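Colleague: Before I ask anything, here is the structure I am working with.
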Amino acid sequence: MAAVGAVLDVLEKEKLAENTHEVGTHFIAKLKKLESKNPHVGEVRGMGLMVGIELVKDKKSQEPASDIAVKVLDKTKDKGLLIGKGGLSGNILRIKPPLCWTKKDADFAADAIEESLSEI
């Protein structure tokens, strides 16, 4: 119980819920711009800092692009960003950063993802 209380105290004291909303909104907005520019980004979705980026072969067919997801994971790793993938077809990039993430961190991640997609 003491550990739970301490965690709740930190969440409240450091306003991590508010930070999650603010930084998550900023991050998703940046990724939505990428959705409109990149032919392989089918949809960006999420809440707070939990974000999914659906990768597709082309927007018209919406065919899952798991091969592109694997390549993006490798390229983002080389840039210093570790993200995961999931979904039934393995074509969803999953971003689940810590609650203390900043807008600068979100900008770095969005840029790394955008650069990685453009290199494929």
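How things are named: the first chain in the structure tokens is A, the next is B, and so on; residues count from 1 in each chain; ligands count from 1 in the order shown.
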Using DSSP assignments from the backbone, pull out every residue in chain A that falls under helix (DSSP H, G or I) and give it to me as a PyMOL selection string.

Modeller: chain A and resi 2-13+16-37+66-78+103-118

Colleague: Just the selected residues (C-alpha atoms), exported as a short mmCIF file (atom, residue, chain, number, x, y, z; two decimals), in the first residue's frame, please.

Modeller:
data_model
loop_
_atom_site.label_atom_id
_atom_site.label_comp_id
_atom_site.auth_asym_id
_atom_site.auth_seq_id
_atom_site.Cartn_x
_atom_site.Cartn_y
_atom_site.Cartn_z
CA ALA A 2 2.85 2.38 0.76
CA ALA A 3 4.33 1.85 -2.71
CA VAL A 4 0.98 2.53 -4.38
CA GLY A 5 0.56 5.68 -2.30
CA ALA A 6 4.04 6.86 -3.26
CA VAL A 7 3.35 6.31 -6.96
CA LEU A 8 0.07 8.20 -6.74
CA ASP A 9 1.83 11.04 -4.93
CA VAL A 10 4.42 11.32 -7.74
CA LEU A 11 1.72 11.22 -10.43
CA GLU A 12 -0.09 14.08 -8.73
CA LYS A 13 2.96 16.12 -7.70
CA LEU A 16 1.96 13.44 -15.15
CA ALA A 17 -1.66 12.99 -16.24
CA GLU A 18 -1.76 16.57 -17.51
CA ASN A 19 1.61 16.09 -19.18
CA THR A 20 0.38 12.93 -20.88
CA HIS A 21 -2.58 14.79 -22.35
CA GLU A 22 -0.58 17.84 -23.45
CA VAL A 23 2.38 15.98 -24.96
CA GLY A 24 0.15 13.26 -26.43
CA THR A 25 -2.02 15.83 -28.20
CA HIS A 26 1.12 17.48 -29.60
CA PHE A 27 2.60 14.15 -30.71
CA ILE A 28 -0.56 12.89 -32.40
CA ALA A 29 -0.97 16.22 -34.23
CA LYS A 30 2.57 15.88 -35.64
CA LEU A 31 1.91 12.30 -36.71
CA LYS A 32 -1.43 13.25 -38.31
CA LYS A 33 0.53 15.57 -40.62
CA LEU A 34 2.67 12.57 -41.55
CA GLU A 35 -0.52 10.59 -42.20
CA SER A 36 -1.59 13.13 -44.82
CA LYS A 37 1.88 13.24 -46.47
CA SER A 66 4.10 -5.59 -42.19
CA ASP A 67 7.27 -5.60 -44.29
CA ILE A 68 7.43 -1.81 -44.12
CA ALA A 69 6.79 -1.91 -40.37
CA VAL A 70 9.85 -4.14 -39.85
CA LYS A 71 12.01 -1.80 -41.94
CA VAL A 72 10.78 1.26 -40.04
CA LEU A 73 11.55 -0.43 -36.71
CA ASP A 74 15.13 -1.09 -37.83
CA LYS A 75 15.63 2.45 -39.10
CA THR A 76 14.15 4.13 -36.03
CA LYS A 77 16.33 1.92 -33.81
CA ASP A 78 19.39 3.17 -35.72
CA LYS A 103 7.36 17.74 -26.36
CA LYS A 104 11.04 17.65 -27.32
CA ASP A 105 10.98 13.85 -26.96
CA ALA A 106 7.78 13.67 -29.02
CA ASP A 107 9.31 15.85 -31.75
CA PHE A 108 12.40 13.62 -31.86
CA ALA A 109 10.23 10.51 -32.19
CA ALA A 110 7.99 12.01 -34.87
CA ASP A 111 11.02 13.17 -36.85
CA ALA A 112 12.72 9.78 -36.55
CA ILE A 113 9.58 8.01 -37.76
CA GLU A 114 9.11 10.44 -40.64
CA GLU A 115 12.76 10.13 -41.71
CA SER A 116 12.61 6.34 -41.47
CA LEU A 117 9.51 6.15 -43.63
CA SER A 118 11.04 8.46 -46.22
#

Colleague: Write out as a list in words all residues of range 1-106 of chain A that backbone DSSP assigns to strand (DSSP E or B).

Modeller: Val41, Gly42, Glu43, Val44, Arg45, Gly46, Met47, Met50, Val51, Gly52, Ile53, Glu54, Leu55, Val56, Pro64, Gly84, Lys85, Gly86, Ile92, Leu93, Arg94 and Ile95 of chain A

Colleague: For CA of Glu54 in chain A and CA of Ile83 in chain A, quote the distance in Å rounded to one decimal.

Modeller: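 Computed distance, CA of Glu54 in chain A to CA of Ile83 in chain A, equals 13.3 Å.
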
Colleague: Could you name the residues that touch Lys60 in chain A at 10 Å or less, counting only C-alpha atoms, but leaving out those on the same chain fewer than 4 positions away, as a ChimeraX atom specification?

Modeller: /A:39,42,56

Colleague: Nearest residue to Leu55 in chain A out of A:Lys15, A:Lys85, A:Lys79, A:His40, using only C-alpha atoms?

Modeller: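 Using only C-alpha atoms, the shortest distance to Leu55 in chain A belongs to A:His40.
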
Colleague: For a test of reading the model, state the distance in Å between CA of Asn91 in chain A and CA of Glu119 in chain A, rounded to one decimal.

Modeller: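 Going from CA of Asn91 in chain A over to CA of Glu119 in chain A, I get 17.3 Å.
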
Colleague: Just to confirm, what's the straight-line distance from CA of Gly90 in chain A to CA of Leu49 in chain A in Å (one decimal)?

Modeller: 20.2 Å

Colleague: Name the residues in contact with Gly87 in chain A at a cut-off of 10 Å, using only C-alpha atoms, excluding same-chain residues fewer than 5 positions from it; report them as a PyMOL selection string.

Modeller: chain A and resi 52+54+64+66+92-94
